[in-house]
>>> print(open('run-v9.csv').read())   # CSV, C-alpha atoms
chain,number,residue,atom,x,y,z
A,1,GLN,CA,-23.9,19.2,-15.5
A,2,ARG,CA,-25.5,16.0,-14.4
A,3,SER,CA,-23.9,13.5,-12.1
A,4,ALA,CA,-24.2,9.8,-12.8
A,5,ARG,CA,-23.5,7.0,-10.4
A,6,ILE,CA,-21.7,4.1,-12.0
A,7,PHE,CA,-22.2,0.5,-10.9
A,8,SER,CA,-19.8,-2.1,-12.3
A,9,SER,CA,-20.7,-5.8,-12.1
A,10,GLU,CA,-17.1,-6.7,-12.4
A,11,MET,CA,-15.6,-4.2,-10.1
A,12,GLU,CA,-18.3,-4.6,-7.5
A,13,GLU,CA,-17.8,-1.1,-6.2
A,14,SER,CA,-19.5,2.2,-6.6
A,15,MET,CA,-17.8,5.2,-8.2
A,16,PHE,CA,-18.9,8.6,-9.2
A,17,VAL,CA,-18.4,10.3,-12.6
A,18,SER,CA,-19.6,13.7,-13.7
A,19,ALA,CA,-20.9,14.1,-17.2
A,20,VAL,CA,-19.6,17.5,-18.2
A,21,SER,CA,-19.3,18.7,-21.8
A,22,GLY,CA,-15.7,18.7,-23.0
A,23,VAL,CA,-14.3,17.6,-19.7
A,24,ARG,CA,-12.4,14.3,-19.1
A,25,ALA,CA,-14.2,12.3,-16.4
A,26,SER,CA,-12.4,10.6,-13.5
A,27,GLN,CA,-13.4,8.7,-10.4
A,28,THR,CA,-12.3,9.4,-6.9
A,29,CYS,CA,-11.4,5.8,-6.3
A,30,GLY,CA,-8.3,6.1,-8.5
A,31,TYR,CA,-9.6,4.7,-11.7
A,32,SER,CA,-9.5,7.0,-14.7
A,33,VAL,CA,-12.2,6.7,-17.3
A,34,PRO,CA,-10.7,7.4,-20.7
A,35,ALA,CA,-13.8,9.2,-22.0
A,36,LEU,CA,-14.5,12.7,-23.3
A,37,ILE,CA,-18.1,13.8,-22.8
A,38,GLN,CA,-19.5,15.2,-26.1
A,39,PRO,CA,-23.2,15.5,-25.8
A,40,GLN,CA,-23.8,16.2,-29.5
A,41,SER,CA,-21.4,13.5,-30.9
A,42,ARG,CA,-22.3,9.8,-31.3
A,43,LYS,CA,-25.0,10.0,-28.7
A,44,LEU,CA,-25.5,7.2,-26.2
A,45,LEU,CA,-28.9,7.7,-24.5
A,46,GLY,CA,-28.5,6.9,-20.8
A,47,LYS,CA,-31.5,5.8,-19.0
A,48,LYS,CA,-32.0,4.0,-15.7
A,49,SER,CA,-30.9,0.4,-16.0
A,50,ASP,CA,-29.4,0.9,-19.5
A,51,PHE,CA,-26.1,-0.9,-19.9
A,52,VAL,CA,-23.4,0.3,-22.2
A,53,SER,CA,-20.1,-1.5,-22.9
A,54,PHE,CA,-17.4,0.7,-21.5
A,55,VAL,CA,-14.3,-0.5,-23.3
A,56,GLY,CA,-10.8,0.7,-22.4
A,57,LEU,CA,-11.1,1.3,-18.7
A,58,LYS,CA,-7.7,1.9,-17.4
A,59,ALA,CA,-6.2,1.8,-13.9
A,60,PHE,CA,-3.1,4.0,-13.4
A,61,GLY,CA,-2.2,3.3,-17.1
A,62,ARG,CA,-2.7,-0.4,-16.8
A,63,PRO,CA,-5.4,-2.1,-19.1
A,64,ALA,CA,-8.3,-3.4,-17.1
A,65,LEU,CA,-10.9,-5.8,-18.3
A,66,SER,CA,-13.9,-4.2,-20.1
A,67,SER,CA,-16.8,-3.6,-17.7
A,68,LYS,CA,-20.5,-3.4,-18.3
A,69,ILE,CA,-21.5,-0.2,-16.7
A,70,ARG,CA,-24.9,1.0,-15.8
A,71,PHE,CA,-25.5,4.8,-15.7
A,72,GLN,CA,-28.2,5.4,-13.2
A,73,THR,CA,-29.7,8.9,-13.2
A,74,ASN,CA,-32.9,10.6,-12.3
A,75,GLU,CA,-33.5,11.8,-15.8
A,76,ASP,CA,-32.3,11.0,-19.3
A,77,PHE,CA,-29.0,12.4,-20.5
A,78,SER,CA,-26.8,11.8,-23.6
A,79,LEU,CA,-23.1,11.4,-23.9
A,80,SER,CA,-20.5,9.8,-26.1
A,81,CYS,CA,-17.4,7.9,-25.1
A,82,VAL,CA,-14.1,8.3,-27.0
A,83,THR,CA,-11.6,5.7,-25.9
A,84,ASN,CA,-8.1,7.0,-25.1
A,85,GLN,CA,-5.4,4.4,-25.8
A,86,ALA,CA,-3.0,4.4,-22.8
A,87,THR,CA,0.0,2.3,-22.7
A,88,GLN,CA,1.8,0.8,-19.7
A,89,SER,CA,5.5,1.3,-19.3
A,90,THR,CA,7.5,-1.9,-19.8
A,91,THR,CA,10.5,-0.4,-18.1
A,92,ASP,CA,9.2,-0.3,-14.5
A,93,PRO,CA,12.0,-1.3,-12.2
A,94,PRO,CA,11.7,-4.1,-9.7
A,95,VAL,CA,10.4,-3.3,-6.3
A,96,GLU,CA,13.1,-5.0,-4.4
A,97,GLY,CA,16.7,-3.9,-4.1
A,98,ALA,CA,18.4,-0.6,-4.0
A,99,ALA,CA,16.7,2.7,-4.8
A,100,LYS,CA,17.8,3.1,-8.4
A,101,THR,CA,14.9,5.2,-9.6
A,102,ASP,CA,12.7,8.1,-8.7
A,103,ARG,CA,9.6,5.9,-9.1
A,104,VAL,CA,7.5,5.9,-6.0
A,105,ILE,CA,6.4,2.4,-5.0
A,106,ILE,CA,2.8,2.0,-3.8
A,107,PHE,CA,2.5,-0.3,-0.8
A,108,ASP,CA,-1.1,-0.9,0.1
A,109,THR,CA,-1.9,-2.0,3.7
A,110,THR,CA,-5.7,-1.9,3.6
A,111,LEU,CA,-5.8,-5.6,4.4
A,112,ARG,CA,-3.6,-5.3,7.5
A,113,ASP,CA,-3.5,-1.8,9.0
A,114,GLY,CA,-6.8,-0.9,7.3
A,115,GLU,CA,-8.5,-3.8,9.1
A,116,GLN,CA,-7.4,-2.3,12.4
A,117,SER,CA,-9.8,0.6,11.8
A,118,PRO,CA,-12.2,0.8,14.8
A,119,GLY,CA,-15.0,-1.7,14.3
A,120,ALA,CA,-13.7,-3.1,11.1
A,121,SER,CA,-13.5,-6.8,10.4
A,122,LEU,CA,-12.9,-8.7,7.1
A,123,ASN,CA,-13.4,-12.4,6.4
A,124,GLY,CA,-11.2,-14.3,4.0
A,125,GLU,CA,-13.5,-13.9,1.0
A,126,GLU,CA,-13.8,-10.2,1.6
A,127,LYS,CA,-10.0,-9.9,1.8
A,128,LEU,CA,-9.6,-11.8,-1.4
A,129,LEU,CA,-12.1,-9.6,-3.2
A,130,ILE,CA,-10.3,-6.4,-2.1
A,131,ALA,CA,-6.9,-7.9,-3.0
A,132,LYS,CA,-8.2,-8.5,-6.5
A,133,GLN,CA,-9.3,-5.0,-6.8
A,134,LEU,CA,-6.0,-3.6,-5.5
A,135,ALA,CA,-4.2,-5.7,-8.2
A,136,ARG,CA,-6.5,-4.2,-10.8
A,137,LEU,CA,-5.6,-0.7,-9.5
A,138,GLY,CA,-2.0,-1.5,-10.1
A,139,VAL,CA,-0.5,-1.3,-6.6
A,140,ASP,CA,3.0,-2.6,-6.4
A,141,VAL,CA,2.8,-4.4,-3.0
A,142,ILE,CA,-0.1,-5.7,-1.0
A,143,GLU,CA,0.4,-6.3,2.7
A,144,ALA,CA,-2.2,-9.0,2.9
A,145,GLY,CA,-2.2,-9.4,6.7
A,146,PHE,CA,-0.5,-10.5,9.9
A,147,PRO,CA,-0.3,-14.3,9.5
A,148,ILE,CA,0.6,-15.2,13.0
A,149,SER,CA,-2.3,-13.2,14.5
A,150,SER,CA,-4.9,-15.9,13.7
A,151,ARG,CA,-5.6,-19.0,11.6
A,152,GLY,CA,-8.1,-17.0,9.6
A,153,ASP,CA,-5.6,-14.3,8.8
A,154,PHE,CA,-3.0,-16.9,7.8
A,155,ALA,CA,-5.4,-18.6,5.5
A,156,ALA,CA,-6.5,-15.3,3.9
A,157,VAL,CA,-2.9,-14.3,3.3
A,158,GLN,CA,-2.1,-17.7,1.8
A,159,ARG,CA,-5.1,-17.6,-0.5
A,160,ILE,CA,-4.3,-14.1,-1.7
A,161,ALA,CA,-0.7,-15.2,-2.4
A,162,GLU,CA,-2.2,-18.1,-4.5
A,163,VAL,CA,-4.8,-16.2,-6.4
A,164,VAL,CA,-3.5,-12.6,-6.7
A,165,GLY,CA,0.3,-13.2,-6.4
A,166,THR,CA,0.8,-14.1,-10.0
A,167,PRO,CA,4.0,-13.3,-12.0
A,168,ASP,CA,2.5,-10.2,-13.5
A,169,GLY,CA,0.6,-9.3,-10.3
A,170,PRO,CA,1.6,-7.4,-7.2
A,171,ARG,CA,4.1,-8.5,-4.6
A,172,ILE,CA,2.4,-10.1,-1.6
A,173,CYS,CA,3.7,-9.2,1.8
A,174,GLY,CA,3.1,-10.7,5.3
A,175,LEU,CA,3.8,-8.8,8.5
A,176,ALA,CA,5.9,-10.4,11.3
A,177,ARG,CA,7.3,-9.3,14.6
A,178,ALA,CA,11.1,-9.8,15.0
A,179,VAL,CA,10.4,-13.3,16.3
A,180,LYS,CA,11.3,-16.5,14.6
A,181,GLY,CA,7.8,-18.0,14.9
A,182,ASP,CA,6.2,-14.9,13.3
A,183,ILE,CA,8.7,-14.9,10.4
A,184,GLU,CA,8.3,-18.7,9.7
A,185,THR,CA,4.5,-18.3,9.7
A,186,ALA,CA,4.7,-15.2,7.4
A,187,ALA,CA,7.0,-17.1,5.0
A,188,GLN,CA,4.7,-20.0,4.8
A,189,ALA,CA,1.7,-17.8,4.2
A,190,VAL,CA,3.3,-15.8,1.3
A,191,GLU,CA,5.1,-18.8,-0.2
A,192,PRO,CA,2.6,-19.4,-3.1
A,193,ALA,CA,3.1,-15.9,-4.5
A,194,ALA,CA,5.4,-15.4,-7.4
A,195,LYS,CA,6.8,-12.3,-5.8
A,196,LYS,CA,6.8,-12.2,-2.0
A,197,ARG,CA,8.0,-10.1,0.9
A,198,ILE,CA,8.3,-10.4,4.7
A,199,HIS,CA,7.9,-7.2,6.7
A,200,THR,CA,9.4,-7.5,10.1
A,201,PHE,CA,9.4,-4.9,12.8
A,202,ILE,CA,10.6,-4.0,16.3
A,203,ALA,CA,10.2,-0.9,18.4
A,204,SER,CA,13.0,1.7,18.5
A,205,SER,CA,11.8,4.6,20.6
A,206,PRO,CA,13.0,4.9,24.2
A,207,ILE,CA,9.6,4.7,25.7
A,208,HIS,CA,8.7,1.5,23.7
A,209,MET,CA,12.0,-0.2,24.3
A,210,GLN,CA,11.8,0.5,28.1
A,211,TYR,CA,8.2,-0.1,28.9
A,212,LYS,CA,6.9,-2.4,26.1
A,213,LEU,CA,9.9,-4.5,25.1
A,214,ARG,CA,11.9,-4.2,28.3
A,215,MET,CA,15.0,-4.4,26.1
A,216,SER,CA,18.2,-2.3,25.9
A,217,LYS,CA,19.4,-0.6,22.7
A,218,ASP,CA,22.0,-3.3,22.2
A,219,GLN,CA,19.4,-6.0,22.5
A,220,VAL,CA,17.1,-4.3,20.0
A,221,LEU,CA,20.0,-3.9,17.6
A,222,GLY,CA,21.0,-7.6,17.9
A,223,ARG,CA,17.4,-8.9,17.6
A,224,ALA,CA,16.6,-6.7,14.5
A,225,SER,CA,19.7,-7.8,12.6
A,226,GLU,CA,19.4,-11.4,13.6
A,227,MET,CA,15.7,-11.6,12.5
A,228,VAL,CA,16.3,-9.8,9.2
A,229,ALA,CA,19.1,-12.3,8.4
A,230,TYR,CA,16.8,-15.1,9.5
A,231,ALA,CA,14.0,-13.9,7.2
A,232,ARG,CA,16.4,-13.9,4.3
A,233,ASN,CA,16.5,-17.7,4.6
A,234,PHE,CA,12.9,-17.7,3.2
A,235,VAL,CA,12.6,-14.7,0.8
A,236,ASP,CA,15.0,-12.2,-0.8
A,237,ASP,CA,12.7,-9.2,-0.3
A,238,ILE,CA,12.8,-8.1,3.3
A,239,GLU,CA,11.2,-4.9,4.7
A,240,PHE,CA,12.2,-3.7,8.2
A,241,SER,CA,10.3,-1.2,10.3
A,242,PRO,CA,11.6,0.5,13.5
A,243,GLU,CA,8.3,0.9,15.2
A,244,ASP,CA,7.7,4.4,16.6
A,245,ALA,CA,10.6,5.8,14.5
A,246,GLY,CA,9.1,9.3,14.8
A,247,ARG,CA,10.0,9.3,18.5
A,248,SER,CA,13.2,7.5,18.2
A,249,GLU,CA,16.6,9.0,18.9
A,250,PRO,CA,18.1,9.9,15.5
A,251,GLU,CA,21.6,8.5,16.1
A,252,PHE,CA,20.2,5.2,17.3
A,253,LEU,CA,17.8,5.0,14.4
A,254,TYR,CA,20.7,5.5,11.9
A,255,GLN,CA,22.7,2.8,13.6
A,256,LEU,CA,19.7,0.4,13.6
A,257,LEU,CA,18.9,1.0,9.9
A,258,GLU,CA,22.6,0.5,8.9
A,259,SER,CA,22.6,-2.7,10.8
A,260,VAL,CA,19.5,-4.2,9.2
A,261,ILE,CA,20.6,-3.2,5.7
A,262,ASP,CA,23.9,-5.0,6.3
A,263,ALA,CA,21.8,-8.0,7.4
A,264,GLY,CA,19.8,-8.0,4.2
A,265,ALA,CA,16.9,-5.6,4.4
A,266,THR,CA,15.9,-4.3,1.0
A,267,THR,CA,13.3,-1.8,2.2
A,268,VAL,CA,13.5,0.3,5.5
A,269,ASN,CA,10.2,1.7,6.5
A,270,ILE,CA,10.0,4.8,8.7
A,271,PRO,CA,6.6,4.7,10.6
A,272,ASP,CA,5.0,7.6,12.4
A,273,THR,CA,3.3,5.0,14.6
A,274,VAL,CA,1.5,7.4,16.9
A,275,GLY,CA,0.7,10.1,14.4
A,276,TYR,CA,3.0,12.5,16.1
A,277,LEU,CA,5.1,14.2,13.4
A,278,THR,CA,4.5,17.3,11.4
A,279,PRO,CA,5.6,17.6,7.7
A,280,GLY,CA,8.8,19.5,8.5
A,281,GLU,CA,9.8,17.0,11.1
A,282,PHE,CA,9.0,14.0,8.8
A,283,GLY,CA,10.9,15.5,5.9
A,284,ALA,CA,13.9,16.3,8.2
A,285,LEU,CA,13.9,12.7,9.5
A,286,ILE,CA,14.1,11.2,6.0
A,287,LYS,CA,16.7,13.7,5.0
A,288,GLY,CA,18.8,12.8,8.1
A,289,ILE,CA,18.5,9.1,7.2
A,290,LYS,CA,19.7,9.8,3.6
A,291,GLU,CA,22.7,11.7,4.9
A,292,ASN,CA,23.7,9.6,7.9
A,293,VAL,CA,23.0,5.9,7.1
A,294,ARG,CA,26.2,4.7,5.4
A,295,ASN,CA,24.6,2.0,3.2
A,296,ILE,CA,21.2,3.6,2.6
A,297,ASN,CA,21.8,3.4,-1.2
A,298,LYS,CA,21.2,-0.4,-0.9
A,299,ALA,CA,17.6,-0.1,0.3
A,300,VAL,CA,14.4,1.7,-0.6
A,301,ILE,CA,13.2,4.2,2.0
A,302,SER,CA,9.5,3.8,2.8
A,303,VAL,CA,7.2,5.8,5.0
A,304,HIS,CA,4.1,4.8,7.0
A,305,GLY,CA,1.9,7.4,8.7
A,306,HIS,CA,-1.3,8.0,10.7
A,307,ASP,CA,-3.7,10.9,10.5
A,308,ASP,CA,-4.1,11.7,14.2
A,309,LEU,CA,-3.2,15.4,13.5
A,310,GLY,CA,-4.7,15.4,10.0
A,311,LEU,CA,-1.2,15.6,8.5
A,312,ALA,CA,-0.6,12.1,7.1
A,313,VAL,CA,-0.8,13.2,3.4
A,314,ALA,CA,1.3,16.3,4.0
A,315,ASN,CA,3.9,14.2,5.9
A,316,PHE,CA,4.1,11.8,3.0
A,317,LEU,CA,4.6,14.6,0.4
A,318,SER,CA,7.4,16.0,2.6
A,319,ALA,CA,9.0,12.5,3.0
A,320,VAL,CA,8.9,11.9,-0.8
A,321,GLU,CA,10.5,15.3,-1.4
A,322,ASN,CA,13.3,14.3,0.9
A,323,GLY,CA,14.0,10.9,-0.6
A,324,ALA,CA,11.3,8.4,0.4
A,325,ARG,CA,10.5,6.1,-2.5
A,326,GLN,CA,7.8,3.9,-1.1
A,327,VAL,CA,4.5,5.1,0.6
A,328,GLU,CA,2.4,2.8,2.7
A,329,VAL,CA,-1.3,3.7,2.1
A,330,THR,CA,-4.8,2.3,2.5
A,331,MET,CA,-8.0,2.8,0.4
A,332,ASN,CA,-9.9,5.9,1.6
A,333,GLY,CA,-7.3,6.3,4.4
A,334,ILE,CA,-8.9,3.8,6.7
A,335,GLY,CA,-6.7,2.4,9.5
A,336,GLU,CA,-6.0,2.4,13.2
A,337,ARG,CA,-7.3,5.3,15.3
A,338,ALA,CA,-7.7,8.3,12.9
A,339,GLY,CA,-6.7,6.3,9.9
A,340,ASN,CA,-3.6,6.1,7.6
>>> encode(input="run-v9.csv", output="structure tokens")
Amino acid sequence: QRSARIFSSEMEESMFVSAVSGVRASQTCGYSVPALIQPQSRKLLGKKSDFVSFVGLKAFGRPALSSKIRFQTNEDFSLSCVTNQATQSTTDPPVEGAAKTDRVIIFDTTLRDGEQSPGASLNGEEKLLIAKQLARLGVDVIEAGFPISSRGDFAAVQRIAEVVGTPDGPRICGLARAVKGDIETAAQAVEPAAKKRIHTFIASSPIHMQYKLRMSKDQVLGRASEMVAYARNFVDDIEFSPEDAGRSEPEFLYQLLESVIDAGATTVNIPDTVGYLTPGEFGALIKGIKENVRNINKAVISVHGHDDLGLAVANFLSAVENGARQVEVTMNGIGERAGN
């Protein structure tokens, strides 16, 4: 076995592939290389700096542009590439609306929550480059940023909506607090996208409502419903998050979710904001929502996690088993504190 490092001039990222006789090669970044390594058949002699045309690169079943790939190794090796014709389903359901399928929607927040990773900072061009790559990977939704947070972030979200938010591309989402000014700014930023979403949030746990918001339960219920309805004036696809849902009182959470769905929310996202939950608890929370929110069939249940306890992936698997159909993820799990 010899390992080769692949550099793609088009993808502008590094990936690893192992050349193993008779074994399908794959890359940890999520791309799948449709090649079967057969050292004795149709040999391609790989040397340092040699370029071969790697036709048929696929990303989650979606055709990607052919890339010129350089195999860089310490010694010569030979292999052959047999393209594997993969097809993309033409029956994928739309992201917005009621949960009518068991398909899991991939919502990538690398450009928003990922940028909150300690010490991380991205300029507009870097954000655009990453957004293009996420589109090539085939993610369903890109949360491109928090437009109200700065002029630079607003401009980056708007540019991504213009360039990446094509009719056959991903849905472009902007984050907004449950405040009219935030929602208006997010709506303006995502406006150029063919498919757009506003993601608005307000805290729902007792400690956050009392000490951060200084609002009562009734005030939070009223604000959430009012702002979801307000956001519907700009876009049809609205995601709502009750911040710190993992520490919220279940009965109040059910009431809040029912209220925002009635107001027009098409996705309700359940965040483990402080990385507090265990898999059993997260699964039970989603199951409780499915069983106790009267109109939950009109919305997609989403989950958002943090890896403070090293349980983010396990929590998501448990959530999906119990009915979640959107997962909010980042590349390499980067994100606030311990990551997403």
>>> residues_around(input="run-v9.csv", residues="Ile301 in chain A", least_positions_apart="2", cutoff="8 Å", atoms="only C-alpha atoms", output="PyMOL selection string")
chain A and resi 99+267-270+299+303+323-326
>>> residues_around(input="run-v9.csv", residues="Glu336 in chain A", least_positions_apart="4", cutoff="9 Å", atoms="all atoms listed in the file", output="MDAnalysis selection string")
chainID A and resid 113:118 306 340
>>> write_last_selection(input="run-v9.csv", atoms="C-alpha atoms", output="PDB file, keeping the file's coordinate frame")
ATOM      1  CA  ASP A 113      -3.500  -1.800   9.000  1.00  0.00           C
ATOM      2  CA  GLY A 114      -6.800  -0.900   7.300  1.00  0.00           C
ATOM      3  CA  GLU A 115      -8.500  -3.800   9.100  1.00  0.00           C
ATOM      4  CA  GLN A 116      -7.400  -2.300  12.400  1.00  0.00           C
ATOM      5  CA  SER A 117      -9.800   0.600  11.800  1.00  0.00           C
ATOM      6  CA  PRO A 118     -12.200   0.800  14.800  1.00  0.00           C
ATOM      7  CA  HIS A 306      -1.300   8.000  10.700  1.00  0.00           C
ATOM      8  CA  ASN A 340      -3.600   6.100   7.600  1.00  0.00           C
TER       9      ASN A 340
END
>>> residues_around(input="run-v9.csv", residues="Asp108 in chain A", least_positions_apart="3", cutoff="7 Å", atoms="only C-alpha atoms", output="mmCIF file with C-alpha atoms, in the frame of the given file")
data_model
loop_
_atom_site.group_PDB
_atom_site.id
_atom_site.type_symbol
_atom_site.label_atom_id
_atom_site.label_comp_id
_atom_site.auth_asym_id
_atom_site.auth_seq_id
_atom_site.Cartn_x
_atom_site.Cartn_y
_atom_site.Cartn_z
ATOM 1 C CA VAL A 139 -0.500 -1.300 -6.600
ATOM 2 C CA VAL A 141 2.800 -4.400 -3.000
ATOM 3 C CA ILE A 142 -0.100 -5.700 -1.000
ATOM 4 C CA GLU A 143 0.400 -6.300 2.700
ATOM 5 C CA GLU A 328 2.400 2.800 2.700
ATOM 6 C CA VAL A 329 -1.300 3.700 2.100
ATOM 7 C CA THR A 330 -4.800 2.300 2.500
#
>>> residues_around(input="run-v9.csv", residues="range 234-242 of chain A", least_positions_apart="6", cutoff="8 Å", atoms="only C-alpha atoms", output="ChimeraX atom specification")
/A:96-97,187,196-204,228,253,260,264-271
>>> atom_distance(input="run-v9.csv", atom1="CA of Pro170 in chain A", atom2="CA of Ala263 in chain A")
24.9 Å
>>> residues_near_point(input="run-v9.csv", point="(0.7, -11.9, -12.5)", cutoff="12 Å", atoms="only C-alpha atoms", output="number ranges by chain")
A: 132, 135-136, 138, 140, 161-172, 193-195
>>> atom_distance(input="run-v9.csv", atom1="CA of Lys290 in chain A", atom2="CA of Tyr276 in chain A")
21.0 Å
>>> residues_around(input="run-v9.csv", residues="Gly305 in chain A", least_positions_apart="2", cutoff="10 Å", atoms="only C-alpha atoms", output="JSON, numbers by chain")
{"A": [246, 270, 271, 272, 273, 274, 275, 276, 277, 282, 303, 307, 308, 311, 312, 313, 315, 316, 327, 328, 329, 335, 339, 340]}
>>> atom_distance(input="run-v9.csv", atom1="CA of Glu126 in chain A", atom2="CA of Ile105 in chain A")
24.7 Å
>>> axis_aligned_box(input="run-v9.csv", around="range 320-330 of chain A", padding_each_side="5 Å", output="JSON")
{"center_x": 4.6, "center_y": 8.8, "center_z": 0.1, "size_x": 28.8, "size_y": 23.0, "size_z": 15.2}
>>> residues_near_point(input="run-v9.csv", point="(10.1, 19.5, 4.6)", cutoff="12 Å", atoms="all atoms listed in the file", output="PyMOL selection string")
chain A and resi 277-288+314-324
